[in-house]
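Structure data follow from coords-v2.pdb (PDB, C-alpha atoms):
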```pdb
ATOM      1  CA  MET A 206     -55.034  79.025  -7.254  1.00  0.00           C
ATOM      2  CA  ARG A 207     -57.355  81.970  -7.679  1.00  0.00           C
ATOM      3  CA  ILE A 208     -60.551  82.241  -9.718  1.00  0.00           C
ATOM      4  CA  HIS A 209     -61.976  85.378 -11.325  1.00  0.00           C
ATOM      5  CA  ALA A 210     -65.462  85.338 -12.842  1.00  0.00           C
ATOM      6  CA  LEU A 211     -67.353  87.656 -15.145  1.00  0.00           C
ATOM      7  CA  PRO A 212     -70.672  87.411 -16.967  1.00  0.00           C
ATOM      8  CA  GLY A 213     -70.160  85.707 -20.302  1.00  0.00           C
ATOM      9  CA  SER A 214     -70.781  82.581 -22.315  1.00  0.00           C
ATOM     10  CA  GLY A 215     -69.287  79.921 -20.036  1.00  0.00           C
ATOM     11  CA  LEU A 216     -65.657  79.995 -21.138  1.00  0.00           C
ATOM     12  CA  VAL A 217     -62.776  78.899 -18.909  1.00  0.00           C
ATOM     13  CA  GLY A 218     -59.367  80.514 -19.294  1.00  0.00           C
ATOM     14  CA  MET A 219     -56.169  79.735 -17.468  1.00  0.00           C
ATOM     15  CA  ALA A 220     -53.056  81.682 -16.559  1.00  0.00           C
ATOM     16  CA  THR A 221     -49.867  80.400 -14.979  1.00  0.00           C
ATOM     17  CA  THR A 222     -47.183  82.436 -13.309  1.00  0.00           C
ATOM     18  CA  LYS A 223     -43.542  82.156 -14.328  1.00  0.00           C
ATOM     19  CA  LYS A 224     -42.711  81.569 -10.677  1.00  0.00           C
ATOM     20  CA  ILE A 225     -43.770  77.959 -11.320  1.00  0.00           C
ATOM     21  CA  GLY A 226     -40.644  77.509 -13.397  1.00  0.00           C
ATOM     22  CA  SER A 227     -39.930  76.290 -16.898  1.00  0.00           C
ATOM     23  CA  ARG A 228     -42.541  75.853 -19.612  1.00  0.00           C
ATOM     24  CA  PRO A 229     -42.873  72.077 -19.017  1.00  0.00           C
ATOM     25  CA  ARG A 230     -43.554  72.695 -15.306  1.00  0.00           C
ATOM     26  CA  ARG A 231     -46.158  75.368 -16.133  1.00  0.00           C
ATOM     27  CA  ASN A 232     -47.785  73.034 -18.658  1.00  0.00           C
ATOM     28  CA  LYS A 233     -47.904  70.228 -16.097  1.00  0.00           C
ATOM     29  CA  ALA A 234     -49.595  72.522 -13.572  1.00  0.00           C
ATOM     30  CA  ARG A 235     -52.060  73.635 -16.249  1.00  0.00           C
ATOM     31  CA  ARG A 236     -52.842  70.035 -17.301  1.00  0.00           C
ATOM     32  CA  ARG A 237     -53.534  69.044 -13.688  1.00  0.00           C
ATOM     33  CA  VAL A 238     -55.985  71.912 -13.246  1.00  0.00           C
ATOM     34  CA  VAL A 239     -57.675  71.179 -16.595  1.00  0.00           C
ATOM     35  CA  GLU A 240     -58.223  67.568 -15.523  1.00  0.00           C
ATOM     36  CA  ALA A 241     -59.613  68.693 -12.158  1.00  0.00           C
ATOM     37  CA  ILE A 242     -62.031  70.996 -13.998  1.00  0.00           C
ATOM     38  CA  ARG A 243     -63.035  68.211 -16.377  1.00  0.00           C
ATOM     39  CA  LEU A 244     -63.897  65.949 -13.446  1.00  0.00           C
ATOM     40  CA  ASN A 245     -65.944  68.695 -11.730  1.00  0.00           C
ATOM     41  CA  LEU A 246     -67.833  70.353 -14.602  1.00  0.00           C
ATOM     42  CA  SER A 247     -71.052  70.362 -12.593  1.00  0.00           C
ATOM     43  CA  PHE A 248     -69.664  73.176 -10.434  1.00  0.00           C
ATOM     44  CA  LEU A 249     -69.319  75.546 -13.411  1.00  0.00           C
ATOM     45  CA  VAL A 250     -72.221  77.965 -13.871  1.00  0.00           C
ATOM     46  CA  VAL A 251     -73.505  78.571 -17.397  1.00  0.00           C
ATOM     47  CA  GLY A 252     -73.307  82.245 -18.304  1.00  0.00           C
ATOM     48  CA  ILE A 253     -70.131  82.951 -16.352  1.00  0.00           C
ATOM     49  CA  ASP A 254     -66.634  83.143 -17.824  1.00  0.00           C
ATOM     50  CA  TYR A 255     -63.871  81.958 -15.490  1.00  0.00           C
ATOM     51  CA  VAL A 256     -60.199  82.853 -15.392  1.00  0.00           C
ATOM     52  CA  ILE A 257     -58.174  80.498 -13.208  1.00  0.00           C
ATOM     53  CA  VAL A 258     -54.756  81.664 -12.066  1.00  0.00           C
ATOM     54  CA  VAL A 259     -52.519  78.700 -11.248  1.00  0.00           C
ATOM     55  CA  PHE A 260     -49.715  79.052  -8.708  1.00  0.00           C
ATOM     56  CA  GLU A 261     -46.679  76.929  -7.860  1.00  0.00           C
ATOM     57  CA  THR A 262     -48.480  75.162  -5.017  1.00  0.00           C
ATOM     58  CA  SER A 263     -50.623  73.406  -7.645  1.00  0.00           C
ATOM     59  CA  LEU A 264     -47.631  71.229  -8.490  1.00  0.00           C
ATOM     60  CA  ARG A 265     -46.777  70.386  -4.884  1.00  0.00           C
ATOM     61  CA  ALA A 266     -50.330  69.512  -3.817  1.00  0.00           C
ATOM     62  CA  SER A 267     -51.774  66.069  -4.396  1.00  0.00           C
ATOM     63  CA  PHE A 268     -54.394  65.793  -7.115  1.00  0.00           C
ATOM     64  CA  LYS A 269     -57.121  65.196  -4.518  1.00  0.00           C
ATOM     65  CA  GLU A 270     -56.122  68.397  -2.672  1.00  0.00           C
ATOM     66  CA  LEU A 271     -56.170  70.253  -5.979  1.00  0.00           C
ATOM     67  CA  GLN A 272     -59.687  69.028  -6.709  1.00  0.00           C
ATOM     68  CA  VAL A 273     -60.940  69.944  -3.236  1.00  0.00           C
ATOM     69  CA  GLU A 274     -59.583  73.492  -3.554  1.00  0.00           C
ATOM     70  CA  LEU A 275     -61.028  73.887  -7.048  1.00  0.00           C
ATOM     71  CA  VAL A 276     -64.485  72.716  -5.950  1.00  0.00           C
ATOM     72  CA  LYS A 277     -64.369  75.014  -2.921  1.00  0.00           C
ATOM     73  CA  LEU A 278     -63.439  78.039  -5.032  1.00  0.00           C
ATOM     74  CA  LEU A 279     -66.001  77.259  -7.741  1.00  0.00           C
ATOM     75  CA  SER A 280     -68.708  76.826  -5.096  1.00  0.00           C
ATOM     76  CA  GLU A 281     -67.840  80.194  -3.568  1.00  0.00           C
ATOM     77  CA  VAL A 282     -67.946  81.886  -6.974  1.00  0.00           C
ATOM     78  CA  SER A 283     -71.256  80.198  -7.845  1.00  0.00           C
ATOM     79  CA  ALA A 284     -72.806  81.280  -4.548  1.00  0.00           C
ATOM     80  CA  LYS A 285     -71.611  84.841  -5.051  1.00  0.00           C
ATOM     81  CA  TRP A 286     -73.072  85.000  -8.575  1.00  0.00           C
ATOM     82  CA  ALA A 287     -76.350  83.405  -7.457  1.00  0.00           C
ATOM     83  CA  GLU A 288     -76.564  86.039  -4.724  1.00  0.00           C
ATOM     84  CA  ASN A 289     -76.005  88.834  -7.250  1.00  0.00           C
ATOM     85  CA  SER A 290     -78.568  87.512  -9.742  1.00  0.00           C
ATOM     86  CA  VAL A 291     -81.290  87.317  -7.076  1.00  0.00           C
ATOM     87  CA  SER A 292     -80.735  90.903  -5.936  1.00  0.00           C
ATOM     88  CA  SER A 293     -80.732  92.313  -9.493  1.00  0.00           C
TER      89      SER A 293
END
```

Represent the structure from my file as structure tokens, please.
Amino acid sequence: MRIHALPGSGLVGMATTKKIGSRPRRNKARRRVVEAIRLNLSFLVVGIDYVIVVFETSLRASFKELQVELVKLLSEVSAKWAENSVSS
């Protein structure tokens, strides 16, 4: 998956690619990522809007692997935004 972040009000949006397959498969991938986000809300930074792009590998990976990747990406984004806010 990929995460884009912009200054905002703390919203989280999600996009899935049609390469995942049919609508039920895309919905399943989306539900798995939503649950991973729900379990790791502490990694979201208030004041940043996130757009998470979900790829086909999200269905093949175990849920634990999905969570680890999500936390890693959110931590990277948080560090980048913290860096930018200090220098401003």

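Note that CA of Lys277 in chain A and CA of Leu264 in chain A are 18.0 Å apart.
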
Residues matched by the PyMOL selection byres ((chain A and resi 215-231) around 12) as a PyMOL selection string: chain A and resi 206-214+232-239+242-243+246+248-265+279

So that I have them on file, write out the residues from the current selection with C-alpha atoms, as a PDB file, in the frame of the given file.
```pdb
ATOM      1  CA  MET A 206     -55.034  79.025  -7.254  1.00  0.00           C
ATOM      2  CA  ARG A 207     -57.355  81.970  -7.679  1.00  0.00           C
ATOM      3  CA  ILE A 208     -60.551  82.241  -9.718  1.00  0.00           C
ATOM      4  CA  HIS A 209     -61.976  85.378 -11.325  1.00  0.00           C
ATOM      5  CA  ALA A 210     -65.462  85.338 -12.842  1.00  0.00           C
ATOM      6  CA  LEU A 211     -67.353  87.656 -15.145  1.00  0.00           C
ATOM      7  CA  PRO A 212     -70.672  87.411 -16.967  1.00  0.00           C
ATOM      8  CA  GLY A 213     -70.160  85.707 -20.302  1.00  0.00           C
ATOM      9  CA  SER A 214     -70.781  82.581 -22.315  1.00  0.00           C
ATOM     10  CA  ASN A 232     -47.785  73.034 -18.658  1.00  0.00           C
ATOM     11  CA  LYS A 233     -47.904  70.228 -16.097  1.00  0.00           C
ATOM     12  CA  ALA A 234     -49.595  72.522 -13.572  1.00  0.00           C
ATOM     13  CA  ARG A 235     -52.060  73.635 -16.249  1.00  0.00           C
ATOM     14  CA  ARG A 236     -52.842  70.035 -17.301  1.00  0.00           C
ATOM     15  CA  ARG A 237     -53.534  69.044 -13.688  1.00  0.00           C
ATOM     16  CA  VAL A 238     -55.985  71.912 -13.246  1.00  0.00           C
ATOM     17  CA  VAL A 239     -57.675  71.179 -16.595  1.00  0.00           C
ATOM     18  CA  ILE A 242     -62.031  70.996 -13.998  1.00  0.00           C
ATOM     19  CA  ARG A 243     -63.035  68.211 -16.377  1.00  0.00           C
ATOM     20  CA  LEU A 246     -67.833  70.353 -14.602  1.00  0.00           C
ATOM     21  CA  PHE A 248     -69.664  73.176 -10.434  1.00  0.00           C
ATOM     22  CA  LEU A 249     -69.319  75.546 -13.411  1.00  0.00           C
ATOM     23  CA  VAL A 250     -72.221  77.965 -13.871  1.00  0.00           C
ATOM     24  CA  VAL A 251     -73.505  78.571 -17.397  1.00  0.00           C
ATOM     25  CA  GLY A 252     -73.307  82.245 -18.304  1.00  0.00           C
ATOM     26  CA  ILE A 253     -70.131  82.951 -16.352  1.00  0.00           C
ATOM     27  CA  ASP A 254     -66.634  83.143 -17.824  1.00  0.00           C
ATOM     28  CA  TYR A 255     -63.871  81.958 -15.490  1.00  0.00           C
ATOM     29  CA  VAL A 256     -60.199  82.853 -15.392  1.00  0.00           C
ATOM     30  CA  ILE A 257     -58.174  80.498 -13.208  1.00  0.00           C
ATOM     31  CA  VAL A 258     -54.756  81.664 -12.066  1.00  0.00           C
ATOM     32  CA  VAL A 259     -52.519  78.700 -11.248  1.00  0.00           C
ATOM     33  CA  PHE A 260     -49.715  79.052  -8.708  1.00  0.00           C
ATOM     34  CA  GLU A 261     -46.679  76.929  -7.860  1.00  0.00           C
ATOM     35  CA  THR A 262     -48.480  75.162  -5.017  1.00  0.00           C
ATOM     36  CA  SER A 263     -50.623  73.406  -7.645  1.00  0.00           C
ATOM     37  CA  LEU A 264     -47.631  71.229  -8.490  1.00  0.00           C
ATOM     38  CA  ARG A 265     -46.777  70.386  -4.884  1.00  0.00           C
ATOM     39  CA  LEU A 279     -66.001  77.259  -7.741  1.00  0.00           C
TER      40      LEU A 279
END
```

Point-to-point distance in Å for CA of Ala287 in chain A and CA of Leu271 in chain A: 24.1 Å

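The gap separating CA of Glu288 in chain A from CA of Leu244 in chain A is 25.3 Å, in Å to one decimal.
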
Which centre and edge lengths in Å to one decimal define the box along x, y and z that fits every listed atom of range 220-228 of chain A plus 8 Å per side, as JSON?
```
{"center_x": -46.5, "center_y": 79.1, "center_z": -15.1, "size_x": 29.1, "size_y": 22.6, "size_z": 24.9}
```

Rebuild range 245-256 of chain A so that it carries all heavy atoms, then output the result as an mmCIF file, keeping the file's coordinate frame.
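Result file follows (out_38.cif):
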```
data_model
loop_
_atom_site.group_PDB
_atom_site.id
_atom_site.type_symbol
_atom_site.label_atom_id
_atom_site.label_comp_id
_atom_site.auth_asym_id
_atom_site.auth_seq_id
_atom_site.Cartn_x
_atom_site.Cartn_y
_atom_site.Cartn_z
ATOM 1 N N ASN A 245 -65.003 67.951 -12.580
ATOM 2 C CA ASN A 245 -65.944 68.695 -11.730
ATOM 3 C C ASN A 245 -66.720 69.743 -12.527
ATOM 4 O O ASN A 245 -66.988 70.838 -12.032
ATOM 5 C CB ASN A 245 -65.189 69.363 -10.582
ATOM 6 C CG ASN A 245 -64.558 68.348 -9.672
ATOM 7 O OD1 ASN A 245 -65.246 67.654 -8.942
ATOM 8 N ND2 ASN A 245 -63.239 68.238 -9.730
ATOM 9 N N LEU A 246 -67.125 69.405 -13.741
ATOM 10 C CA LEU A 246 -67.833 70.353 -14.602
ATOM 11 C C LEU A 246 -69.162 70.815 -14.006
ATOM 12 O O LEU A 246 -69.643 71.898 -14.317
ATOM 13 C CB LEU A 246 -68.082 69.739 -15.982
ATOM 14 C CG LEU A 246 -66.867 69.633 -16.888
ATOM 15 C CD1 LEU A 246 -67.223 68.885 -18.161
ATOM 16 C CD2 LEU A 246 -66.314 71.000 -17.213
ATOM 17 N N SER A 247 -69.739 70.009 -13.154
ATOM 18 C CA SER A 247 -71.052 70.362 -12.593
ATOM 19 C C SER A 247 -70.985 71.608 -11.710
ATOM 20 O O SER A 247 -72.022 72.224 -11.442
ATOM 21 C CB SER A 247 -71.606 69.188 -11.791
ATOM 22 O OG SER A 247 -70.753 68.887 -10.710
ATOM 23 N N PHE A 248 -69.811 71.993 -11.289
ATOM 24 C CA PHE A 248 -69.664 73.176 -10.434
ATOM 25 C C PHE A 248 -69.536 74.470 -11.236
ATOM 26 O O PHE A 248 -69.561 75.554 -10.665
ATOM 27 C CB PHE A 248 -68.462 73.023 -9.498
ATOM 28 C CG PHE A 248 -68.686 72.008 -8.429
ATOM 29 C CD1 PHE A 248 -68.245 70.705 -8.607
ATOM 30 C CD2 PHE A 248 -69.359 72.335 -7.267
ATOM 31 C CE1 PHE A 248 -68.465 69.746 -7.625
ATOM 32 C CE2 PHE A 248 -69.589 71.384 -6.281
ATOM 33 C CZ PHE A 248 -69.137 70.084 -6.471
ATOM 34 N N LEU A 249 -69.390 74.354 -12.567
ATOM 35 C CA LEU A 249 -69.319 75.546 -13.411
ATOM 36 C C LEU A 249 -70.731 76.048 -13.683
ATOM 37 O O LEU A 249 -71.643 75.263 -13.937
ATOM 38 C CB LEU A 249 -68.622 75.224 -14.737
ATOM 39 C CG LEU A 249 -67.158 74.827 -14.652
ATOM 40 C CD1 LEU A 249 -66.636 74.460 -16.034
ATOM 41 C CD2 LEU A 249 -66.323 75.926 -14.054
ATOM 42 N N VAL A 250 -70.922 77.347 -13.628
ATOM 43 C CA VAL A 250 -72.221 77.965 -13.871
ATOM 44 C C VAL A 250 -72.268 78.469 -15.309
ATOM 45 O O VAL A 250 -71.356 79.171 -15.755
ATOM 46 C CB VAL A 250 -72.446 79.140 -12.887
ATOM 47 C CG1 VAL A 250 -73.761 79.841 -13.164
ATOM 48 C CG2 VAL A 250 -72.390 78.643 -11.462
ATOM 49 N N VAL A 251 -73.325 78.102 -16.024
ATOM 50 C CA VAL A 251 -73.505 78.571 -17.397
ATOM 51 C C VAL A 251 -73.755 80.069 -17.358
ATOM 52 O O VAL A 251 -74.484 80.570 -16.505
ATOM 53 C CB VAL A 251 -74.703 77.847 -18.058
ATOM 54 C CG1 VAL A 251 -74.941 78.375 -19.468
ATOM 55 C CG2 VAL A 251 -74.467 76.349 -18.072
ATOM 56 N N GLY A 252 -73.124 80.801 -18.265
ATOM 57 C CA GLY A 252 -73.307 82.245 -18.304
ATOM 58 C C GLY A 252 -72.234 83.015 -17.562
ATOM 59 O O GLY A 252 -72.310 84.235 -17.464
ATOM 60 N N ILE A 253 -71.245 82.299 -17.041
ATOM 61 C CA ILE A 253 -70.131 82.951 -16.352
ATOM 62 C C ILE A 253 -68.825 82.502 -17.002
ATOM 63 O O ILE A 253 -68.623 81.320 -17.244
ATOM 64 C CB ILE A 253 -70.104 82.599 -14.852
ATOM 65 C CG1 ILE A 253 -71.356 83.131 -14.164
ATOM 66 C CG2 ILE A 253 -68.865 83.160 -14.179
ATOM 67 C CD1 ILE A 253 -71.444 82.780 -12.705
ATOM 68 N N ASP A 254 -67.973 83.447 -17.326
ATOM 69 C CA ASP A 254 -66.634 83.143 -17.824
ATOM 70 C C ASP A 254 -65.682 83.122 -16.629
ATOM 71 O O ASP A 254 -65.746 83.992 -15.766
ATOM 72 C CB ASP A 254 -66.155 84.202 -18.819
ATOM 73 C CG ASP A 254 -66.901 84.132 -20.143
ATOM 74 O OD1 ASP A 254 -67.554 83.109 -20.408
ATOM 75 O OD2 ASP A 254 -66.819 85.105 -20.904
ATOM 76 N N TYR A 255 -64.815 82.133 -16.595
ATOM 77 C CA TYR A 255 -63.871 81.958 -15.490
ATOM 78 C C TYR A 255 -62.448 82.165 -15.988
ATOM 79 O O TYR A 255 -62.095 81.724 -17.084
ATOM 80 C CB TYR A 255 -63.956 80.538 -14.930
ATOM 81 C CG TYR A 255 -65.286 80.185 -14.340
ATOM 82 C CD1 TYR A 255 -66.275 79.598 -15.123
ATOM 83 C CD2 TYR A 255 -65.569 80.414 -13.006
ATOM 84 C CE1 TYR A 255 -67.506 79.264 -14.588
ATOM 85 C CE2 TYR A 255 -66.787 80.079 -12.452
ATOM 86 C CZ TYR A 255 -67.758 79.503 -13.259
ATOM 87 O OH TYR A 255 -68.967 79.172 -12.723
ATOM 88 N N VAL A 256 -61.639 82.790 -15.168
ATOM 89 C CA VAL A 256 -60.199 82.853 -15.392
ATOM 90 C C VAL A 256 -59.562 82.264 -14.139
ATOM 91 O O VAL A 256 -59.768 82.757 -13.026
ATOM 92 C CB VAL A 256 -59.691 84.298 -15.618
ATOM 93 C CG1 VAL A 256 -58.174 84.301 -15.750
ATOM 94 C CG2 VAL A 256 -60.334 84.899 -16.846
#
```
